[in-house]
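**Q** So here's protein-v5.pdb, just PDB, C-alpha atoms:
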ATOM      1  CA  MET A   8      23.576 -12.964  19.714  1.00  0.00           C
ATOM      2  CA  ASP A   9      24.818 -16.524  19.266  1.00  0.00           C
ATOM      3  CA  LEU A  10      21.797 -18.410  17.915  1.00  0.00           C
ATOM      4  CA  GLY A  11      23.216 -21.807  18.851  1.00  0.00           C
ATOM      5  CA  LEU A  12      23.177 -23.067  15.271  1.00  0.00           C
ATOM      6  CA  ASN A  13      26.861 -23.777  14.656  1.00  0.00           C
ATOM      7  CA  GLY A  14      27.199 -27.239  13.143  1.00  0.00           C
ATOM      8  CA  ARG A  15      23.465 -27.726  12.620  1.00  0.00           C
ATOM      9  CA  HIS A  16      22.315 -29.191   9.293  1.00  0.00           C
ATOM     10  CA  ALA A  17      19.729 -27.248   7.299  1.00  0.00           C
ATOM     11  CA  ILE A  18      17.758 -27.880   4.127  1.00  0.00           C
ATOM     12  CA  VAL A  19      16.502 -24.721   2.424  1.00  0.00           C
ATOM     13  CA  CYS A  20      14.110 -25.292  -0.464  1.00  0.00           C
ATOM     14  CA  ALA A  21      14.107 -23.209  -3.646  1.00  0.00           C
ATOM     15  CA  SER A  22      17.194 -21.368  -2.458  1.00  0.00           C
ATOM     16  CA  SER A  23      19.131 -20.482  -5.586  1.00  0.00           C
ATOM     17  CA  ARG A  24      17.563 -17.006  -5.565  1.00  0.00           C
ATOM     18  CA  GLY A  25      15.172 -14.708  -3.730  1.00  0.00           C
ATOM     19  CA  LEU A  26      13.929 -15.387  -0.225  1.00  0.00           C
ATOM     20  CA  GLY A  27      15.246 -18.941  -0.143  1.00  0.00           C
ATOM     21  CA  LYS A  28      18.732 -17.785  -1.044  1.00  0.00           C
ATOM     22  CA  ALA A  29      18.649 -15.108   1.655  1.00  0.00           C
ATOM     23  CA  CYS A  30      17.585 -17.683   4.260  1.00  0.00           C
ATOM     24  CA  ALA A  31      20.342 -20.084   3.207  1.00  0.00           C
ATOM     25  CA  MET A  32      22.866 -17.273   3.482  1.00  0.00           C
ATOM     26  CA  ALA A  33      21.645 -16.305   6.962  1.00  0.00           C
ATOM     27  CA  LEU A  34      21.817 -19.892   8.240  1.00  0.00           C
ATOM     28  CA  ALA A  35      25.259 -20.466   6.737  1.00  0.00           C
ATOM     29  CA  ARG A  36      26.453 -17.277   8.397  1.00  0.00           C
ATOM     30  CA  GLU A  37      25.308 -18.736  11.730  1.00  0.00           C
ATOM     31  CA  GLY A  38      27.452 -21.818  11.155  1.00  0.00           C
ATOM     32  CA  CYS A  39      24.932 -24.231   9.639  1.00  0.00           C
ATOM     33  CA  GLU A  40      25.855 -26.824   7.063  1.00  0.00           C
ATOM     34  CA  VAL A  41      23.336 -25.855   4.408  1.00  0.00           C
ATOM     35  CA  VAL A  42      21.796 -27.792   1.534  1.00  0.00           C
ATOM     36  CA  ILE A  43      20.518 -25.448  -1.159  1.00  0.00           C
ATOM     37  CA  ASN A  44      18.275 -26.264  -4.075  1.00  0.00           C
ATOM     38  CA  GLY A  45      17.177 -24.967  -7.449  1.00  0.00           C
ATOM     39  CA  ARG A  46      16.253 -26.090 -10.947  1.00  0.00           C
ATOM     40  CA  ASP A  47      18.729 -23.933 -12.873  1.00  0.00           C
ATOM     41  CA  ALA A  48      22.202 -25.470 -12.573  1.00  0.00           C
ATOM     42  CA  THR A  49      24.043 -22.267 -13.495  1.00  0.00           C
ATOM     43  CA  GLN A  50      22.130 -20.121 -11.018  1.00  0.00           C
ATOM     44  CA  LEU A  51      22.492 -22.766  -8.319  1.00  0.00           C
ATOM     45  CA  ALA A  52      26.253 -22.965  -8.747  1.00  0.00           C
ATOM     46  CA  ALA A  53      26.569 -19.173  -8.631  1.00  0.00           C
ATOM     47  CA  THR A  54      24.565 -19.043  -5.407  1.00  0.00           C
ATOM     48  CA  ALA A  55      26.671 -21.783  -3.831  1.00  0.00           C
ATOM     49  CA  ASP A  56      29.832 -19.844  -4.645  1.00  0.00           C
ATOM     50  CA  GLU A  57      28.329 -16.619  -3.290  1.00  0.00           C
ATOM     51  CA  ILE A  58      27.399 -18.263   0.009  1.00  0.00           C
ATOM     52  CA  ALA A  59      30.834 -19.844   0.292  1.00  0.00           C
ATOM     53  CA  ALA A  60      32.543 -16.510  -0.318  1.00  0.00           C
ATOM     54  CA  ALA A  61      30.368 -14.673   2.203  1.00  0.00           C
ATOM     55  CA  CYS A  62      30.248 -17.290   4.956  1.00  0.00           C
ATOM     56  CA  GLY A  63      33.406 -19.355   4.544  1.00  0.00           C
ATOM     57  CA  ARG A  64      31.541 -22.628   4.092  1.00  0.00           C
ATOM     58  CA  GLN A  65      30.474 -24.311   0.855  1.00  0.00           C
ATOM     59  CA  PRO A  66      26.825 -25.359   0.778  1.00  0.00           C
ATOM     60  CA  HIS A  67      25.764 -28.641  -0.761  1.00  0.00           C
ATOM     61  CA  ALA A  68      23.859 -27.812  -3.948  1.00  0.00           C
ATOM     62  CA  VAL A  69      21.082 -30.093  -5.228  1.00  0.00           C
ATOM     63  CA  GLN A  70      19.657 -29.417  -8.664  1.00  0.00           C
ATOM     64  CA  ALA A  71      16.083 -30.680  -8.453  1.00  0.00           C
ATOM     65  CA  ASP A  72      12.478 -29.807  -9.138  1.00  0.00           C
ATOM     66  CA  LEU A  73      10.752 -30.175  -5.768  1.00  0.00           C
ATOM     67  CA  ASN A  74       7.372 -30.469  -7.446  1.00  0.00           C
ATOM     68  CA  THR A  75       8.406 -34.003  -8.437  1.00  0.00           C
ATOM     69  CA  ALA A  76       8.855 -37.054  -6.222  1.00  0.00           C
ATOM     70  CA  SER A  77      12.346 -37.632  -7.616  1.00  0.00           C
ATOM     71  CA  GLY A  78      13.339 -34.046  -6.878  1.00  0.00           C
ATOM     72  CA  ARG A  79      12.188 -34.295  -3.276  1.00  0.00           C
ATOM     73  CA  ALA A  80      14.001 -37.604  -2.882  1.00  0.00           C
ATOM     74  CA  ALA A  81      17.226 -36.088  -4.186  1.00  0.00           C
ATOM     75  CA  LEU A  82      17.011 -33.218  -1.714  1.00  0.00           C
ATOM     76  CA  LEU A  83      16.372 -35.513   1.242  1.00  0.00           C
ATOM     77  CA  ALA A  84      19.177 -37.840   0.170  1.00  0.00           C
ATOM     78  CA  ALA A  85      21.620 -34.950   0.431  1.00  0.00           C
ATOM     79  CA  CYS A  86      20.860 -34.487   4.145  1.00  0.00           C
ATOM     80  CA  ASP A  87      19.449 -37.541   5.864  1.00  0.00           C
ATOM     81  CA  ALA A  88      19.292 -36.001   9.357  1.00  0.00           C
ATOM     82  CA  PRO A  89      18.390 -32.317   9.042  1.00  0.00           C
ATOM     83  CA  ASP A  90      17.990 -30.184  12.130  1.00  0.00           C
ATOM     84  CA  ILE A  91      16.319 -27.417  10.144  1.00  0.00           C
ATOM     85  CA  LEU A  92      13.915 -27.451   7.203  1.00  0.00           C
ATOM     86  CA  VAL A  93      12.915 -24.236   5.459  1.00  0.00           C
ATOM     87  CA  THR A  94      10.175 -24.907   2.926  1.00  0.00           C
ATOM     88  CA  ASN A  95       9.783 -22.487   0.070  1.00  0.00           C
ATOM     89  CA  ASN A  96       8.557 -22.589  -3.511  1.00  0.00           C
ATOM     90  CA  ALA A  97       7.558 -20.234  -6.278  1.00  0.00           C
ATOM     91  CA  GLY A  98       4.051 -18.922  -5.827  1.00  0.00           C
ATOM     92  CA  PRO A  99       1.325 -19.657  -8.361  1.00  0.00           C
ATOM     93  CA  PRO A 100       0.387 -16.879 -10.756  1.00  0.00           C
ATOM     94  CA  PRO A 101      -2.227 -14.277  -9.845  1.00  0.00           C
ATOM     95  CA  GLY A 102      -5.294 -14.009 -12.021  1.00  0.00           C
ATOM     96  CA  ALA A 103      -9.074 -14.054 -12.170  1.00  0.00           C
ATOM     97  CA  LEU A 104     -11.391 -16.889 -11.221  1.00  0.00           C
ATOM     98  CA  GLY A 105     -12.049 -17.756 -14.833  1.00  0.00           C
ATOM     99  CA  ASP A 106      -8.317 -18.133 -15.513  1.00  0.00           C
ATOM    100  CA  TRP A 107      -7.904 -21.208 -13.327  1.00  0.00           C
ATOM    101  CA  ASP A 108      -8.866 -24.610 -14.609  1.00  0.00           C
ATOM    102  CA  HIS A 109      -8.543 -27.892 -12.730  1.00  0.00           C
ATOM    103  CA  ALA A 110      -4.907 -28.273 -13.745  1.00  0.00           C
ATOM    104  CA  ALA A 111      -4.022 -24.837 -12.347  1.00  0.00           C
ATOM    105  CA  TRP A 112      -5.544 -25.695  -8.967  1.00  0.00           C
ATOM    106  CA  ILE A 113      -3.752 -29.040  -8.841  1.00  0.00           C
ATOM    107  CA  ALA A 114      -0.418 -27.402  -9.723  1.00  0.00           C
ATOM    108  CA  ALA A 115      -0.843 -24.831  -6.936  1.00  0.00           C
ATOM    109  CA  LEU A 116      -1.679 -27.516  -4.387  1.00  0.00           C
ATOM    110  CA  GLU A 117       1.260 -29.678  -5.477  1.00  0.00           C
ATOM    111  CA  ALA A 118       3.759 -26.817  -5.218  1.00  0.00           C
ATOM    112  CA  ASN A 119       2.569 -24.945  -2.145  1.00  0.00           C
ATOM    113  CA  LEU A 120       0.735 -27.544  -0.050  1.00  0.00           C
ATOM    114  CA  LEU A 121       1.727 -31.115  -0.858  1.00  0.00           C
ATOM    115  CA  MET A 122       5.435 -30.499  -1.528  1.00  0.00           C
ATOM    116  CA  PRO A 123       6.110 -28.958   1.899  1.00  0.00           C
ATOM    117  CA  ILE A 124       3.882 -31.498   3.658  1.00  0.00           C
ATOM    118  CA  GLU A 125       5.816 -34.381   2.102  1.00  0.00           C
ATOM    119  CA  LEU A 126       9.177 -32.915   3.103  1.00  0.00           C
ATOM    120  CA  ILE A 127       7.982 -32.142   6.630  1.00  0.00           C
ATOM    121  CA  SER A 128       6.583 -35.648   6.982  1.00  0.00           C
ATOM    122  CA  ALA A 129       9.899 -37.131   5.864  1.00  0.00           C
ATOM    123  CA  VAL A 130      12.045 -35.290   8.429  1.00  0.00           C
ATOM    124  CA  VAL A 131       9.902 -34.614  11.488  1.00  0.00           C
ATOM    125  CA  ASP A 132      10.214 -38.035  13.152  1.00  0.00           C
ATOM    126  CA  GLY A 133      14.003 -37.873  13.017  1.00  0.00           C
ATOM    127  CA  MET A 134      13.927 -34.401  14.523  1.00  0.00           C
ATOM    128  CA  ARG A 135      11.781 -35.715  17.368  1.00  0.00           C
ATOM    129  CA  ARG A 136      14.157 -38.568  18.073  1.00  0.00           C
ATOM    130  CA  ARG A 137      17.134 -36.210  18.161  1.00  0.00           C
ATOM    131  CA  ARG A 138      15.202 -33.736  20.345  1.00  0.00           C
ATOM    132  CA  PHE A 139      15.852 -30.772  18.084  1.00  0.00           C
ATOM    133  CA  GLY A 140      14.010 -29.555  15.023  1.00  0.00           C
ATOM    134  CA  ARG A 141      13.108 -26.249  13.435  1.00  0.00           C
ATOM    135  CA  ILE A 142      10.663 -26.118  10.534  1.00  0.00           C
ATOM    136  CA  VAL A 143       9.952 -22.758   8.936  1.00  0.00           C
ATOM    137  CA  ASN A 144       7.550 -22.388   6.025  1.00  0.00           C
ATOM    138  CA  ILE A 145       7.779 -19.336   3.817  1.00  0.00           C
ATOM    139  CA  THR A 146       4.146 -18.782   2.885  1.00  0.00           C
ATOM    140  CA  SER A 147       2.483 -15.436   2.147  1.00  0.00           C
ATOM    141  CA  ALA A 148       0.645 -12.525   3.696  1.00  0.00           C
ATOM    142  CA  VAL A 149      -2.423 -13.586   1.697  1.00  0.00           C
ATOM    143  CA  VAL A 150      -2.934 -16.386   4.236  1.00  0.00           C
ATOM    144  CA  LYS A 151      -4.211 -13.699   6.624  1.00  0.00           C
ATOM    145  CA  SER A 152      -5.451 -11.217   4.023  1.00  0.00           C
ATOM    146  CA  PRO A 153      -7.057 -13.199   1.184  1.00  0.00           C
ATOM    147  CA  ARG A 154      -7.460 -11.543  -2.202  1.00  0.00           C
ATOM    148  CA  LEU A 155      -9.487 -13.164  -4.974  1.00  0.00           C
ATOM    149  CA  GLY A 156      -6.730 -12.581  -7.508  1.00  0.00           C
ATOM    150  CA  MET A 157      -4.310 -14.541  -5.331  1.00  0.00           C
ATOM    151  CA  SER A 158      -6.682 -17.431  -4.621  1.00  0.00           C
ATOM    152  CA  LEU A 159      -4.362 -20.163  -5.872  1.00  0.00           C
ATOM    153  CA  SER A 160      -1.725 -19.078  -3.381  1.00  0.00           C
ATOM    154  CA  THR A 161      -4.188 -18.366  -0.568  1.00  0.00           C
ATOM    155  CA  THR A 162      -5.911 -21.729  -0.818  1.00  0.00           C
ATOM    156  CA  ALA A 163      -2.769 -23.846  -0.935  1.00  0.00           C
ATOM    157  CA  ARG A 164      -0.877 -21.967   1.737  1.00  0.00           C
ATOM    158  CA  THR A 165      -3.794 -21.728   4.125  1.00  0.00           C
ATOM    159  CA  GLY A 166      -4.035 -25.499   3.908  1.00  0.00           C
ATOM    160  CA  LEU A 167      -0.359 -25.793   4.796  1.00  0.00           C
ATOM    161  CA  THR A 168      -0.868 -23.416   7.726  1.00  0.00           C
ATOM    162  CA  ALA A 169      -3.695 -25.560   9.083  1.00  0.00           C
ATOM    163  CA  PHE A 170      -1.720 -28.794   8.699  1.00  0.00           C
ATOM    164  CA  CYS A 171       1.297 -27.362  10.502  1.00  0.00           C
ATOM    165  CA  LYS A 172      -0.791 -25.893  13.311  1.00  0.00           C
ATOM    166  CA  GLY A 173      -2.099 -29.347  14.098  1.00  0.00           C
ATOM    167  CA  LEU A 174       1.250 -31.077  13.724  1.00  0.00           C
ATOM    168  CA  GLN A 175       3.150 -28.667  15.953  1.00  0.00           C
ATOM    169  CA  ARG A 176       0.856 -29.546  18.865  1.00  0.00           C
ATOM    170  CA  GLU A 177       2.193 -33.107  18.689  1.00  0.00           C
ATOM    171  CA  VAL A 178       5.896 -32.379  18.211  1.00  0.00           C
ATOM    172  CA  VAL A 179       6.741 -29.263  20.218  1.00  0.00           C
ATOM    173  CA  ALA A 180       7.268 -31.256  23.417  1.00  0.00           C
ATOM    174  CA  ASP A 181      10.203 -32.912  21.609  1.00  0.00           C
ATOM    175  CA  ASN A 182      11.800 -29.509  20.933  1.00  0.00           C
ATOM    176  CA  VAL A 183      10.564 -29.448  17.350  1.00  0.00           C
ATOM    177  CA  THR A 184       8.959 -26.144  16.399  1.00  0.00           C
ATOM    178  CA  ILE A 185       6.986 -25.261  13.297  1.00  0.00           C
ATOM    179  CA  ASN A 186       6.387 -21.653  12.295  1.00  0.00           C
ATOM    180  CA  ASN A 187       5.427 -19.718   9.182  1.00  0.00           C
ATOM    181  CA  LEU A 188       6.876 -16.536   7.723  1.00  0.00           C
ATOM    182  CA  LEU A 189       4.347 -14.414   5.845  1.00  0.00           C
ATOM    183  CA  PRO A 190       6.202 -12.052   3.508  1.00  0.00           C
ATOM    184  CA  GLN A 191       4.664  -9.161   1.642  1.00  0.00           C
ATOM    185  CA  HIS A 192       6.261  -6.409  -0.436  1.00  0.00           C
ATOM    186  CA  ILE A 193       9.761  -7.927  -0.229  1.00  0.00           C
ATOM    187  CA  ASP A 194      11.954  -6.787  -3.106  1.00  0.00           C
ATOM    188  CA  THR A 195      12.476 -10.054  -4.994  1.00  0.00           C
ATOM    189  CA  GLY A 196      11.814 -11.312  -8.497  1.00  0.00           C
ATOM    190  CA  ARG A 197       8.199 -11.892  -7.481  1.00  0.00           C
ATOM    191  CA  GLN A 198       7.783  -8.153  -6.876  1.00  0.00           C
ATOM    192  CA  GLN A 199       9.273  -7.474 -10.286  1.00  0.00           C
ATOM    193  CA  GLN A 200       6.646  -9.783 -11.814  1.00  0.00           C
ATOM    194  CA  MET A 201       3.880  -8.032  -9.923  1.00  0.00           C
ATOM    195  CA  ALA A 202       5.183  -4.669 -11.133  1.00  0.00           C
ATOM    196  CA  LEU A 203       5.005  -5.877 -14.727  1.00  0.00           C
ATOM    197  CA  ARG A 204       1.428  -6.979 -14.105  1.00  0.00           C
ATOM    198  CA  LEU A 205       0.570  -3.509 -12.780  1.00  0.00           C
ATOM    199  CA  MET A 206       2.112  -1.973 -15.906  1.00  0.00           C
ATOM    200  CA  GLN A 207      -0.137  -4.060 -18.137  1.00  0.00           C
ATOM    201  CA  GLU A 208      -3.280  -3.567 -16.070  1.00  0.00           C
ATOM    202  CA  ARG A 209      -2.957   0.202 -15.657  1.00  0.00           C
ATOM    203  CA  GLY A 210      -0.924   1.256 -18.682  1.00  0.00           C
ATOM    204  CA  ILE A 211       1.832   2.786 -16.578  1.00  0.00           C
ATOM    205  CA  SER A 212       5.612   2.696 -16.623  1.00  0.00           C
ATOM    206  CA  PHE A 213       7.780   0.343 -14.600  1.00  0.00           C
ATOM    207  CA  VAL A 214       8.915   3.235 -12.404  1.00  0.00           C
ATOM    208  CA  GLN A 215       5.306   4.172 -11.716  1.00  0.00           C
ATOM    209  CA  ALA A 216       4.427   0.557 -10.928  1.00  0.00           C
ATOM    210  CA  ARG A 217       7.272   0.332  -8.438  1.00  0.00           C
ATOM    211  CA  ALA A 218       6.134   3.573  -6.833  1.00  0.00           C
ATOM    212  CA  LEU A 219       2.653   2.116  -6.411  1.00  0.00           C
ATOM    213  CA  GLN A 220       4.115  -0.976  -4.765  1.00  0.00           C
ATOM    214  CA  THR A 221       6.049   1.175  -2.330  1.00  0.00           C
ATOM    215  CA  LYS A 222       2.964   3.246  -1.561  1.00  0.00           C
ATOM    216  CA  MET A 223       1.184   0.085  -0.356  1.00  0.00           C
ATOM    217  CA  VAL A 224       3.766  -0.446   2.404  1.00  0.00           C
ATOM    218  CA  ARG A 225       3.274   1.346   5.723  1.00  0.00           C
ATOM    219  CA  ALA A 226       7.035   1.503   6.192  1.00  0.00           C
ATOM    220  CA  GLY A 227       7.303   3.523   2.974  1.00  0.00           C
ATOM    221  CA  ARG A 228       9.719   1.141   1.262  1.00  0.00           C
ATOM    222  CA  LEU A 229       9.988  -2.413  -0.013  1.00  0.00           C
ATOM    223  CA  GLY A 230      11.501  -4.958   2.333  1.00  0.00           C
ATOM    224  CA  ARG A 231      14.897  -6.547   1.817  1.00  0.00           C
ATOM    225  CA  PRO A 232      15.214 -10.346   1.548  1.00  0.00           C
ATOM    226  CA  GLU A 233      17.821 -10.221   4.303  1.00  0.00           C
ATOM    227  CA  GLU A 234      15.235  -8.861   6.716  1.00  0.00           C
ATOM    228  CA  LEU A 235      13.034 -11.904   6.274  1.00  0.00           C
ATOM    229  CA  ALA A 236      16.090 -14.172   6.388  1.00  0.00           C
ATOM    230  CA  ASP A 237      17.161 -12.836   9.774  1.00  0.00           C
ATOM    231  CA  ALA A 238      13.693 -13.592  11.119  1.00  0.00           C
ATOM    232  CA  CYS A 239      14.014 -17.092   9.708  1.00  0.00           C
ATOM    233  CA  ALA A 240      17.379 -17.605  11.401  1.00  0.00           C
ATOM    234  CA  TYR A 241      15.939 -16.533  14.736  1.00  0.00           C
ATOM    235  CA  LEU A 242      12.997 -18.924  14.434  1.00  0.00           C
ATOM    236  CA  CYS A 243      15.543 -21.689  13.816  1.00  0.00           C
ATOM    237  CA  SER A 244      17.600 -20.740  16.857  1.00  0.00           C
ATOM    238  CA  ALA A 245      18.027 -22.436  20.211  1.00  0.00           C
ATOM    239  CA  GLN A 246      16.435 -19.368  21.812  1.00  0.00           C
ATOM    240  CA  ALA A 247      13.196 -19.819  19.831  1.00  0.00           C
ATOM    241  CA  SER A 248      12.304 -23.181  21.393  1.00  0.00           C
ATOM    242  CA  PHE A 249       9.143 -21.744  23.016  1.00  0.00           C
ATOM    243  CA  ILE A 250       7.794 -20.242  19.777  1.00  0.00           C
ATOM    244  CA  SER A 251       5.727 -22.642  17.680  1.00  0.00           C
ATOM    245  CA  GLY A 252       2.580 -22.603  15.584  1.00  0.00           C
ATOM    246  CA  GLN A 253       2.979 -18.906  14.778  1.00  0.00           C
ATOM    247  CA  ASN A 254       2.495 -16.847  11.635  1.00  0.00           C
ATOM    248  CA  LEU A 255       4.960 -13.969  11.537  1.00  0.00           C
ATOM    249  CA  GLN A 256       4.115 -11.086   9.205  1.00  0.00           C
ATOM    250  CA  VAL A 257       7.162  -9.611   7.480  1.00  0.00           C
ATOM    251  CA  ASP A 258       5.468  -6.758   5.673  1.00  0.00           C
ATOM    252  CA  GLY A 259       6.686  -3.375   6.910  1.00  0.00           C
ATOM    253  CA  GLY A 260       3.683  -2.972   9.214  1.00  0.00           C
ATOM    254  CA  SER A 261       1.174  -3.249   6.377  1.00  0.00           C
ATOM    255  CA  TYR A 262      -1.205  -5.823   7.862  1.00  0.00           C
ATOM    256  CA  ASP A 263      -4.289  -4.056   9.239  1.00  0.00           C
ATOM    257  CA  GLY A 264      -5.597  -6.898  11.376  1.00  0.00           C
ATOM    258  CA  LEU A 265      -5.247  -7.137  15.136  1.00  0.00           C
ATOM    259  CA  ILE A 266      -4.226 -10.807  15.304  1.00  0.00           C
TER     260      ILE A 266
END
For this file, produce the structure as structure tokens.

**A**
Amino acid sequence: MDLGLNGRHAIVCASSRGLGKACAMALAREGCEVVINGRDATQLAATADEIAAACGRQPHAVQADLNTASGRAALLAACDAPDILVTNNAGPPPGALGDWDHAAWIAALEANLLMPIELISAVVDGMRRRRFGRIVNITSAVVKSPRLGMSLSTTARTGLTAFCKGLQREVVADNVTINNLLPQHIDTGRQQQMALRLMQERGISFVQARALQTKMVRAGRLGRPEELADACAYLCSAQASFISGQNLQVDGGSYDGLI
């Protein structure tokens, strides 16, 4: 299927590795001019070269910390008229209620609520004027299935979900859609971190921890980043113009809720 994205300009946040990298790769493969971002210059350059080799087009790489105003400004300066914005950022650490002081809550809100809101606010009016815009937020399955140990992530990302639900009502008539991808059990560095946490909590080996992770997934395996990325590319497509304000689970059928 031709997704109608050839020549479109896309910003993909936190895209030097993991889910962001997979989304940047998928959009570049569809013909987008992609701006990628990361804090580690070496990793960012390697990702840019990998995308260029796979897709035949060199992405524009911006080394920046998006949790800072200067980092966000640098990313926006690299693409002043984006057609597509994919927001993404590292999730806050899991823990217990007593682990989180005021600074931990503020850091989670800055990274997973205020950062994407500021980027969305900076680009959405231009998208409306040009009569095309696709905004996809990579959030988390915990938005629909809260767990106390993931409260930093749940709180920040649920706030982002609410903000975007209201905003999309105002912009969808201008062919600007806003949707959220809710990953769970995708085989990225985050899953490796969670496996290490299981090892410490239960006194088990890494292999056993990975087996426990797999057992939690109804599909019987961990997801691949490319599977989420293909969903992202579709939500950015011309064909997806009538899909907005949605939360798409990408979890191997693991969510038990009805809606």

**Q** Residues proximal to (8.4, -30.6, 18.3) were defined as those with any atom within 9 Å of that point in the file's coordinates, counting all atoms listed in the file. Which are they, as a ChimeraX atom specification?

**A** /A:131,134-135,138-141,174-185,248,251

**Q** Kindly save the residues from that selection, with C-alpha atoms included, as a PDB file, in the frame of the given file.

**A**
ATOM      1  CA  VAL A 131       9.902 -34.614  11.488  1.00  0.00           C
ATOM      2  CA  MET A 134      13.927 -34.401  14.523  1.00  0.00           C
ATOM      3  CA  ARG A 135      11.781 -35.715  17.368  1.00  0.00           C
ATOM      4  CA  ARG A 138      15.202 -33.736  20.345  1.00  0.00           C
ATOM      5  CA  PHE A 139      15.852 -30.772  18.084  1.00  0.00           C
ATOM      6  CA  GLY A 140      14.010 -29.555  15.023  1.00  0.00           C
ATOM      7  CA  ARG A 141      13.108 -26.249  13.435  1.00  0.00           C
ATOM      8  CA  LEU A 174       1.250 -31.077  13.724  1.00  0.00           C
ATOM      9  CA  GLN A 175       3.150 -28.667  15.953  1.00  0.00           C
ATOM     10  CA  ARG A 176       0.856 -29.546  18.865  1.00  0.00           C
ATOM     11  CA  GLU A 177       2.193 -33.107  18.689  1.00  0.00           C
ATOM     12  CA  VAL A 178       5.896 -32.379  18.211  1.00  0.00           C
ATOM     13  CA  VAL A 179       6.741 -29.263  20.218  1.00  0.00           C
ATOM     14  CA  ALA A 180       7.268 -31.256  23.417  1.00  0.00           C
ATOM     15  CA  ASP A 181      10.203 -32.912  21.609  1.00  0.00           C
ATOM     16  CA  ASN A 182      11.800 -29.509  20.933  1.00  0.00           C
ATOM     17  CA  VAL A 183      10.564 -29.448  17.350  1.00  0.00           C
ATOM     18  CA  THR A 184       8.959 -26.144  16.399  1.00  0.00           C
ATOM     19  CA  ILE A 185       6.986 -25.261  13.297  1.00  0.00           C
ATOM     20  CA  SER A 248      12.304 -23.181  21.393  1.00  0.00           C
ATOM     21  CA  SER A 251       5.727 -22.642  17.680  1.00  0.00           C
TER      22      SER A 251
END

**Q** Run through the PyMOL selection byres ((chain A and resi 127) around 10) on the given coordinates and return the selected residues as a PyMOL selection string.

**A** chain A and resi 92-94+121-126+128-132+142-144+171+174+185

**Q** Between A:Gly78, A:Pro89, A:Gly63, A:Gly259, which residue has the minimum interatomic distance to Val42 in chain A, considering all atoms listed in the file?

**A**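 With all atoms listed in the file as the atom set, the closest residue is A:Pro89.
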
**Q** Can you list every residue of range 30-138 of chain A that has an atom at most 9 Å from range 196-208 of chain A, with its nearest atom pair and the distance in Å to one decimal, using all atoms listed in the file, ordered by chain then number, as JSON lines?

**A**
{"residue": "A:Ala97", "atom": "CA", "partner": "A:Arg197", "partner_atom": "CA", "distance": 8.5}
{"residue": "A:Gly98", "atom": "CA", "partner": "A:Arg197", "partner_atom": "CA", "distance": 8.3}
{"residue": "A:Pro101", "atom": "CA", "partner": "A:Met201", "partner_atom": "CA", "distance": 8.7}

**Q** Run the PyMOL selection byres ((chain A and resi 21) around 6) against the file shown and list the residues it catches, as a PyMOL selection string.

**A** chain A and resi 20+22+27+44-45+95-96

**Q** Report the closest atom pair, with its distance in Å rounded to one decimal, for each residue of range 130-203 of chain A that has an atom no farther than 7 Å from range 105-120 of chain A; count only C-alpha atoms, sort by chain and then rising residue number, and write it as CSV.

**A**
residue,atom,partner,partner_atom,distance
A:Leu159,CA,A:Ala115,CA,5.9
A:Ser160,CA,A:Ala115,CA,6.8
A:Ala163,CA,A:Leu116,CA,5.2
A:Arg164,CA,A:Asn119,CA,6.0
A:Gly166,CA,A:Leu120,CA,6.5
A:Leu167,CA,A:Leu120,CA,5.3

**Q** Which residues come within 10 Å of Ala238 in chain A, counting only C-alpha atoms, excluding same-chain residues fewer than 4 positions away, as an MDAnalysis selection string?

**A** chainID A and resid 30 33 188 233:234 242:244 255 257

**Q** Evaluated on this file, the PyMOL selection byres ((chain A and resi 225) around 7) picks out some residues - which ones are they, written as a list of chain:residue names?

**A** A:Met223, A:Val224, A:Ala226, A:Gly227, A:Gly259, A:Gly260, A:Ser261

**Q** Considering only C-alpha atoms, state which residue in the set A:His67, A:Gly38, A:Ile211, A:Asp72 is at the smallest distance from Gly14 in chain A.

**A**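 Closest to Gly14 in chain A of all the choices is A:Gly38.
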
**Q** What's the separation between CA of Met157 in chain A and CA of Pro99 in chain A, in Å to one decimal place?

**A** 8.2 Å
